[in-house]
Structures are given as structure tokens and as C-alpha cells.
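Below is protein.txt, which holds compact mmCIF, C-alpha atoms.
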```txt
# COMPACT_ATOMS: atom_id res chain seq x y z
CA MET D 77 -2.68 -13.54 18.13
CA ASP D 78 -2.49 -9.83 17.27
CA ILE D 79 -5.21 -8.40 15.07
CA LEU D 80 -4.64 -5.10 13.29
CA TYR D 81 -7.16 -2.85 11.56
CA PHE D 82 -6.48 -0.07 9.07
CA ALA D 83 -8.28 2.85 7.41
CA TRP D 84 -12.11 2.92 7.69
CA LEU D 85 -12.11 -0.53 9.30
CA ARG D 86 -9.90 0.80 12.12
CA GLU D 87 -12.25 3.75 12.58
CA ARG D 88 -15.32 1.52 12.59
CA ILE D 89 -13.89 -1.04 15.05
CA GLY D 90 -12.52 1.77 17.22
CA VAL D 91 -9.03 0.37 17.91
CA PRO D 92 -5.94 -0.03 15.69
CA ARG D 93 -4.99 -3.41 17.19
CA GLU D 94 -6.01 -5.93 19.78
CA ARG D 95 -4.82 -9.27 21.09
CA VAL D 96 -7.22 -12.22 20.94
CA GLU D 97 -7.11 -15.81 22.07
CA THR D 98 -8.71 -17.88 19.36
CA GLY D 99 -8.94 -21.43 18.14
CA ALA D 100 -10.19 -20.31 14.72
CA ALA D 101 -8.90 -22.60 11.98
CA THR D 102 -9.17 -20.11 9.12
CA VAL D 103 -9.44 -16.35 8.61
CA ARG D 104 -13.11 -16.83 7.82
CA ASP D 105 -13.63 -18.59 11.18
CA LEU D 106 -11.84 -15.74 12.96
CA VAL D 107 -14.08 -13.20 11.21
CA ALA D 108 -17.13 -15.18 12.37
CA GLU D 109 -15.84 -15.10 15.97
CA LEU D 110 -15.22 -11.35 15.84
CA SER D 111 -18.57 -10.66 14.17
CA ALA D 112 -20.36 -12.56 16.95
CA ARG D 113 -18.98 -10.13 19.56
CA ASP D 114 -21.35 -7.23 18.85
CA ALA D 115 -23.21 -5.32 16.17
CA GLY D 116 -20.24 -3.00 15.54
CA TYR D 117 -17.92 -5.86 14.56
CA ALA D 118 -20.70 -7.56 12.62
CA ALA D 119 -21.31 -4.38 10.59
CA ALA D 120 -17.59 -3.83 9.98
CA PHE D 121 -17.15 -7.37 8.63
CA ALA D 122 -20.54 -7.59 6.86
CA ASP D 123 -19.08 -7.45 3.35
CA LEU D 124 -15.85 -9.40 3.06
CA SER D 125 -15.57 -8.54 -0.64
CA ALA D 126 -14.79 -4.98 0.55
CA LEU D 127 -11.93 -6.18 2.75
CA ARG D 128 -8.47 -7.65 2.36
CA VAL D 129 -6.43 -9.69 4.83
CA ALA D 130 -2.72 -10.07 5.49
CA LEU D 131 -1.20 -12.91 7.55
CA ASP D 132 2.15 -12.06 9.14
CA GLN D 133 2.41 -9.08 6.76
CA GLU D 134 1.76 -11.03 3.54
CA LEU D 135 -1.47 -10.59 1.56
CA SER D 136 -3.61 -13.68 1.93
CA GLU D 137 -7.13 -15.08 1.48
CA PHE D 138 -10.10 -15.48 3.81
CA ASP D 139 -9.96 -19.27 3.43
CA ALA D 140 -6.30 -19.41 4.49
CA PRO D 141 -5.44 -21.45 7.62
CA LEU D 142 -4.34 -19.57 10.77
CA SER D 143 -2.07 -22.24 12.17
CA GLY D 144 1.23 -20.67 13.23
CA VAL D 145 0.10 -17.15 12.32
CA ARG D 146 1.02 -14.43 14.83
CA GLU D 147 -0.36 -11.28 13.19
CA VAL D 148 -3.59 -10.87 11.21
CA ALA D 149 -4.40 -7.54 9.57
CA PHE D 150 -7.74 -6.54 8.05
CA PHE D 151 -8.13 -3.52 5.79
CA PRO D 152 -9.95 -2.12 2.75
CA PRO D 153 -8.40 -2.36 -0.76
CA MET D 154 -5.17 -0.40 -0.81
CA THR D 155 -4.81 3.05 -2.38
CA GLY D 156 -1.12 3.81 -2.62
CA GLY D 157 0.87 5.67 -5.25
CA MET G 1187 17.86 -0.83 -4.38
CA ASP G 1188 16.81 2.06 -2.20
CA ILE G 1189 13.38 1.77 -0.54
CA ARG G 1190 12.18 4.48 1.83
CA VAL G 1191 8.91 4.95 3.70
CA GLN G 1192 8.92 8.29 5.49
CA ALA G 1193 6.81 11.18 6.78
CA GLU G 1194 9.34 13.81 5.68
CA ALA G 1195 9.25 15.64 2.35
CA PHE G 1196 11.92 14.75 -0.21
CA ASP G 1197 13.66 16.65 -2.99
CA ALA G 1198 12.71 14.73 -6.15
CA GLY G 1199 15.30 16.53 -8.28
CA ALA G 1200 18.17 15.87 -5.90
CA GLU G 1201 17.06 12.24 -5.44
CA LEU G 1202 16.91 11.71 -9.20
CA ASN G 1203 20.39 13.19 -9.72
CA ARG G 1204 21.89 11.10 -6.94
CA PHE G 1205 20.15 7.96 -8.23
CA SER G 1206 21.27 8.54 -11.84
CA ALA G 1207 24.87 9.18 -10.79
CA GLY G 1208 24.97 5.90 -8.87
CA ALA G 1209 23.30 3.66 -11.46
CA GLU G 1210 26.20 1.74 -12.96
CA GLY G 1211 25.76 0.39 -16.46
CA ALA G 1212 22.53 2.31 -17.03
CA GLY G 1213 21.74 3.78 -20.43
CA GLY G 1214 18.55 5.43 -19.24
CA VAL G 1215 16.67 6.48 -16.12
CA VAL G 1216 12.88 6.84 -15.87
CA SER G 1217 11.21 8.52 -12.91
CA PHE G 1218 7.64 9.14 -11.77
CA THR G 1219 6.59 11.52 -9.01
CA GLY G 1220 3.09 11.38 -7.48
CA VAL G 1221 1.58 14.65 -6.29
CA VAL G 1222 -1.45 15.39 -4.07
CA ARG G 1223 -4.15 16.49 -6.52
CA ASP G 1224 -6.58 19.15 -5.31
CA LEU G 1225 -10.30 18.65 -5.91
CA PRO G 1226 -11.83 20.37 -8.96
CA GLY G 1227 -12.37 23.95 -7.83
CA GLY G 1228 -10.20 23.46 -4.74
CA GLY G 1229 -11.45 22.45 -1.31
CA LEU G 1230 -8.90 19.79 -0.38
CA THR G 1231 -7.34 20.66 2.97
CA ALA G 1232 -5.05 17.65 3.19
CA MET G 1233 -4.49 14.11 2.04
CA GLU G 1234 -3.84 11.79 4.97
CA ILE G 1235 -1.89 8.66 4.13
CA GLU G 1236 -2.01 5.72 6.52
CA HIS G 1237 0.22 2.68 6.13
CA TYR G 1238 1.08 -0.65 7.74
CA PRO G 1239 4.58 -0.25 9.22
CA GLY G 1240 6.59 -3.39 8.59
CA MET G 1241 4.42 -4.79 5.80
CA THR G 1242 4.85 -1.62 3.73
CA GLU G 1243 8.65 -1.88 3.67
CA LYS G 1244 8.47 -5.61 2.94
CA ALA G 1245 5.98 -5.17 0.08
CA LEU G 1246 7.93 -2.33 -1.57
CA THR G 1247 11.20 -4.27 -1.30
CA ASP G 1248 9.49 -7.31 -2.79
CA PHE G 1249 8.07 -5.33 -5.77
CA ALA G 1250 11.42 -3.64 -6.39
CA ALA G 1251 13.27 -6.98 -6.29
CA GLN G 1252 10.79 -8.46 -8.77
CA ALA G 1253 11.27 -5.49 -11.11
CA MET G 1254 15.08 -5.69 -10.81
CA ASP G 1255 14.95 -9.34 -11.76
CA ARG G 1256 12.34 -9.18 -14.53
CA TRP G 1257 13.82 -6.18 -16.39
CA ALA G 1258 17.49 -6.71 -15.43
CA LEU G 1259 17.58 -3.19 -13.97
CA SER G 1260 20.74 -1.44 -12.85
CA ASP G 1261 18.95 0.05 -9.86
CA VAL G 1262 15.55 0.99 -8.36
CA LEU G 1263 14.51 3.83 -6.07
CA VAL G 1264 11.15 3.97 -4.27
CA ILE G 1265 10.21 6.72 -1.81
CA HIS G 1266 6.67 6.85 -0.37
CA ARG G 1267 5.46 9.27 2.26
CA TYR G 1268 2.76 8.90 4.90
CA GLY G 1269 0.97 11.36 7.17
CA ALA G 1270 -0.96 14.54 6.32
CA LEU G 1271 0.11 16.08 2.99
CA ALA G 1272 -1.03 19.42 1.53
CA PRO G 1273 -2.37 19.79 -2.04
CA GLY G 1274 0.57 19.97 -4.44
CA ALA G 1275 2.89 18.06 -2.10
CA GLN G 1276 4.90 15.17 -3.46
CA ILE G 1277 3.57 11.84 -2.18
CA MET G 1278 6.00 9.38 -3.69
CA MET G 1279 8.55 8.77 -6.40
CA VAL G 1280 9.83 5.79 -8.31
CA ALA G 1281 12.98 5.74 -10.42
CA THR G 1282 14.32 2.88 -12.51
CA ALA G 1283 17.68 2.64 -14.25
CA ALA G 1284 18.34 0.14 -17.05
CA PRO G 1285 20.75 -0.45 -19.92
CA HIS G 1286 17.94 0.39 -22.37
CA ARG G 1287 14.93 2.71 -22.14
CA ARG G 1288 12.09 0.21 -22.69
CA ALA G 1289 13.04 -1.79 -19.59
CA ALA G 1290 13.22 1.38 -17.48
CA PHE G 1291 9.78 2.60 -18.67
CA GLU G 1292 8.09 -0.77 -18.22
CA ALA G 1293 9.61 -1.40 -14.80
CA ALA G 1294 8.50 2.05 -13.55
CA ASP G 1295 4.97 1.41 -14.88
CA TYR G 1296 4.91 -2.01 -13.20
CA LEU G 1297 6.09 -0.58 -9.88
CA MET G 1298 3.42 2.13 -9.99
CA ASP G 1299 0.66 -0.41 -10.61
CA TYR G 1300 1.82 -2.51 -7.67
CA LEU G 1301 2.29 0.51 -5.41
CA LYS G 1302 -1.27 1.61 -6.17
CA SER G 1303 -3.05 -1.66 -5.44
CA ARG G 1304 -0.76 -3.97 -3.48
CA ALA G 1305 1.25 -1.77 -1.12
CA PRO G 1306 -0.55 -1.23 2.22
CA PHE G 1307 -1.31 2.50 1.97
CA TRP G 1308 -4.72 4.12 2.40
CA LYS G 1309 -5.58 7.69 1.43
CA LYS G 1310 -8.10 9.87 3.19
CA GLU G 1311 -9.22 13.19 1.71
CA ILE G 1312 -9.78 15.94 4.24
CA THR G 1313 -11.94 18.63 2.66
CA THR G 1314 -13.77 21.72 3.81
CA GLU G 1315 -16.91 19.51 3.76
CA GLY G 1316 -15.51 16.64 5.86
CA ALA G 1317 -13.30 13.58 5.46
CA ASP G 1318 -13.59 10.56 3.16
CA TRP G 1319 -11.47 7.50 2.49
CA VAL G 1320 -10.42 7.24 -1.15
CA ALA G 1321 -11.93 4.12 -2.74
CA ALA G 1322 -9.80 1.79 -4.84
CA LYS G 1323 -10.71 1.85 -8.54
CA ALA G 1324 -11.56 -1.22 -10.62
CA GLN G 1325 -9.19 0.15 -13.25
CA ASP G 1326 -6.27 -0.02 -10.80
CA GLU G 1327 -6.99 -3.70 -10.23
CA ALA G 1328 -7.35 -4.31 -13.98
CA ASP G 1329 -3.99 -2.61 -14.55
CA LEU G 1330 -2.27 -5.38 -12.59
CA ASP G 1331 -3.38 -7.91 -15.19
CA ARG G 1332 -1.05 -6.24 -17.68
CA TRP G 1333 1.89 -7.87 -15.91
```

Target format C-alpha cells, applied to this file:
Amino acid sequence: MDILYFAWLRERIGVPRERVETGAATVRDLVAELSARDAGYAAAFADLSALRVALDQELSEFDAPLSGVREVAFFPPMTGG
Amino acid sequence: MDIRVQAEAFDAGAELNRFSAGAEGAGGVVSFTGVVRDLPGGGLTAMEIEHYPGMTEKALTDFAAQAMDRWALSDVLVIHRYGALAPGAQIMMVATAAPHRRAAFEAADYLMDYLKSRAPFWKKEITTEGADWVAAKAQDEADLDRW
């Protein structure tokens, strides 16, 4: 599964994307796996209310299932326009 | 429907004329152009706009299709830039064409609200003091509830 990061989350994690092998059932489970890696990931994902998630390029929720999903993107609230 | 995500500058006047000329059955055209606002007293070096290639185009096409359907528009134009933009530069434009003015105004307003809070763009202000990501405003989120 490809994981993408944008804006300050990308800067904090240090890479724009990475490929992970995971058996996580939901986005929340995936976040827990990533956060367990090191203090940097844990800090970046500390406040999920400050983050949004997209599954295969559609906005989604942290409780959404990951079955069949190929691309997960995490980012702060959007500021377009 | 014409949806463009690009680094290059665009000519808002020429785009509006071309769009208006091509909008069959329209009785009115509304357009909005977003511009990089300098900080009070100056000091903004650039506004850097990051986006999510692929999702951005999909989201903008989706919003435009919803607006076309809901307000029975003749046509929609959305142009949004990314990259480093100087103060005063045009960031984006939306134009809507409809048989009657109210539909064109409302659809443009709707598109702007969705572009602000649901299209995957992130702005970073580069100033003489440093760089800071622009935070989303609660008001922008509240604006979505109007629709």
C-alpha cells in the first residue's frame, strides 16, 4: 500500500510517500502502526482531529476499512481557493 | 466543463471572454478570481501552493459536475494554480454560465466554498521572517453547511 503525506505532515514525516506492508483493518489501525515506529511518527499523528485522510483519492474517515485500498493519503485540512 | 490544474499563469480576461463566447444558452456569466494577498504592511515573499496530483483533478471535476447538475448550468470553468506565487499573482478562477443570474452566482459561490475546504490544496506563506502553513478557518468549514 502506498502512503502519501502532504503539507506540514510531509515535512514532519520527512518523505512525501512510502510503501508499507500492513495488515491494518482500518485507517485508525494503520495510524497506530505508523505511530509505533518512532517518536517522529507518533508526534505527527498525535492529534488526528488536525488531520484528514483520503483513500484512493477520495476523502474518507479514520474508521474506514482499508480492504482493497491501494493509496492512503494523510494531510492537514485543505486551504485551496 | 473545463477544469485545469497548472503551474503556469493564466489570463483571466481572455479566459472569461473565451468561456462566455462558448457558453450556449447562457443569459449570464459570473466569475471569481483569487489573488495572492500580501501581509498587512508587506513582507510576503511568496505563497507556495502544494496539491495532490490526481485527487485534485478528480475533486474539482466532481464539484463542477455537481454544480452543473444542481443549478442546470450551461458551462463551468475552474483554473487553479500550484507552485510558488508572488503577491498580487492570480491563484485561481471560477466562472459559471447559466440561463439566469441567480444560478450563476450561487454556483460560483458553492464552487468557491468547496475549492477552499475540500480540494486538496495547501498554502504556505513565505515571509521575510520565515515560512508558515496557512491554517484552515472554522468559518470556511461552516460555509459548507450553506449548501

Calculate how many Å separate CA of Pro1226 in chain G from CA of Thr1314 in chain G, rounding to one decimal.
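For CA of Pro1226 in chain G relative to CA of Thr1314 in chain G, the distance reads 13.0 Å.
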
Output the contact residues of chain D with respect to chain G at a cut-off of 12 Å, based on all atoms listed in the file, as a PyMOL selection string.
chain D and resi 80-87+92-93+126-136+147-157

Hey, can you spit out that residue selection with C-alpha atoms as an mmCIF file, keeping the file's coordinate frame?
```cif
data_model
loop_
_atom_site.group_PDB
_atom_site.id
_atom_site.type_symbol
_atom_site.label_atom_id
_atom_site.label_comp_id
_atom_site.auth_asym_id
_atom_site.auth_seq_id
_atom_site.Cartn_x
_atom_site.Cartn_y
_atom_site.Cartn_z
ATOM 1 C CA LEU D 80 -4.640 -5.100 13.290
ATOM 2 C CA TYR D 81 -7.160 -2.850 11.560
ATOM 3 C CA PHE D 82 -6.480 -0.070 9.070
ATOM 4 C CA ALA D 83 -8.280 2.850 7.410
ATOM 5 C CA TRP D 84 -12.110 2.920 7.690
ATOM 6 C CA LEU D 85 -12.110 -0.530 9.300
ATOM 7 C CA ARG D 86 -9.900 0.800 12.120
ATOM 8 C CA GLU D 87 -12.250 3.750 12.580
ATOM 9 C CA PRO D 92 -5.940 -0.030 15.690
ATOM 10 C CA ARG D 93 -4.990 -3.410 17.190
ATOM 11 C CA ALA D 126 -14.790 -4.980 0.550
ATOM 12 C CA LEU D 127 -11.930 -6.180 2.750
ATOM 13 C CA ARG D 128 -8.470 -7.650 2.360
ATOM 14 C CA VAL D 129 -6.430 -9.690 4.830
ATOM 15 C CA ALA D 130 -2.720 -10.070 5.490
ATOM 16 C CA LEU D 131 -1.200 -12.910 7.550
ATOM 17 C CA ASP D 132 2.150 -12.060 9.140
ATOM 18 C CA GLN D 133 2.410 -9.080 6.760
ATOM 19 C CA GLU D 134 1.760 -11.030 3.540
ATOM 20 C CA LEU D 135 -1.470 -10.590 1.560
ATOM 21 C CA SER D 136 -3.610 -13.680 1.930
ATOM 22 C CA GLU D 147 -0.360 -11.280 13.190
ATOM 23 C CA VAL D 148 -3.590 -10.870 11.210
ATOM 24 C CA ALA D 149 -4.400 -7.540 9.570
ATOM 25 C CA PHE D 150 -7.740 -6.540 8.050
ATOM 26 C CA PHE D 151 -8.130 -3.520 5.790
ATOM 27 C CA PRO D 152 -9.950 -2.120 2.750
ATOM 28 C CA PRO D 153 -8.400 -2.360 -0.760
ATOM 29 C CA MET D 154 -5.170 -0.400 -0.810
ATOM 30 C CA THR D 155 -4.810 3.050 -2.380
ATOM 31 C CA GLY D 156 -1.120 3.810 -2.620
ATOM 32 C CA GLY D 157 0.870 5.670 -5.250
#
```

Neighbouring residues of range 104-117 of chain D were defined as those with any atom within 12 Å, considering only C-alpha atoms; residues of the same chain fewer than 2 positions away were excluded. Please report them as a PyMOL selection string.
chain D and resi 77-79+81+85-91+94-102+119-124+127-129+136-143+148-150

With a distance cut-off of 12 Å and all atoms listed in the file, select the neighbouring residues of range 1194-1201 of chain G, excluding the residue or stretch itself and same-chain residues fewer than 2 positions from it, and output the selection as an MDAnalysis selection string.
chainID G and resid 1188 1190:1192 1203:1208 1217:1221 1262:1272 1274:1281

Using CA of Leu1246 in chain G and CA of Pro1273 in chain G as the two end points, give the distance in Å to one decimal.
24.4 Å

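CA of Ala1258 in chain G lies 20.0 Å from CA of Leu1330 in chain G.
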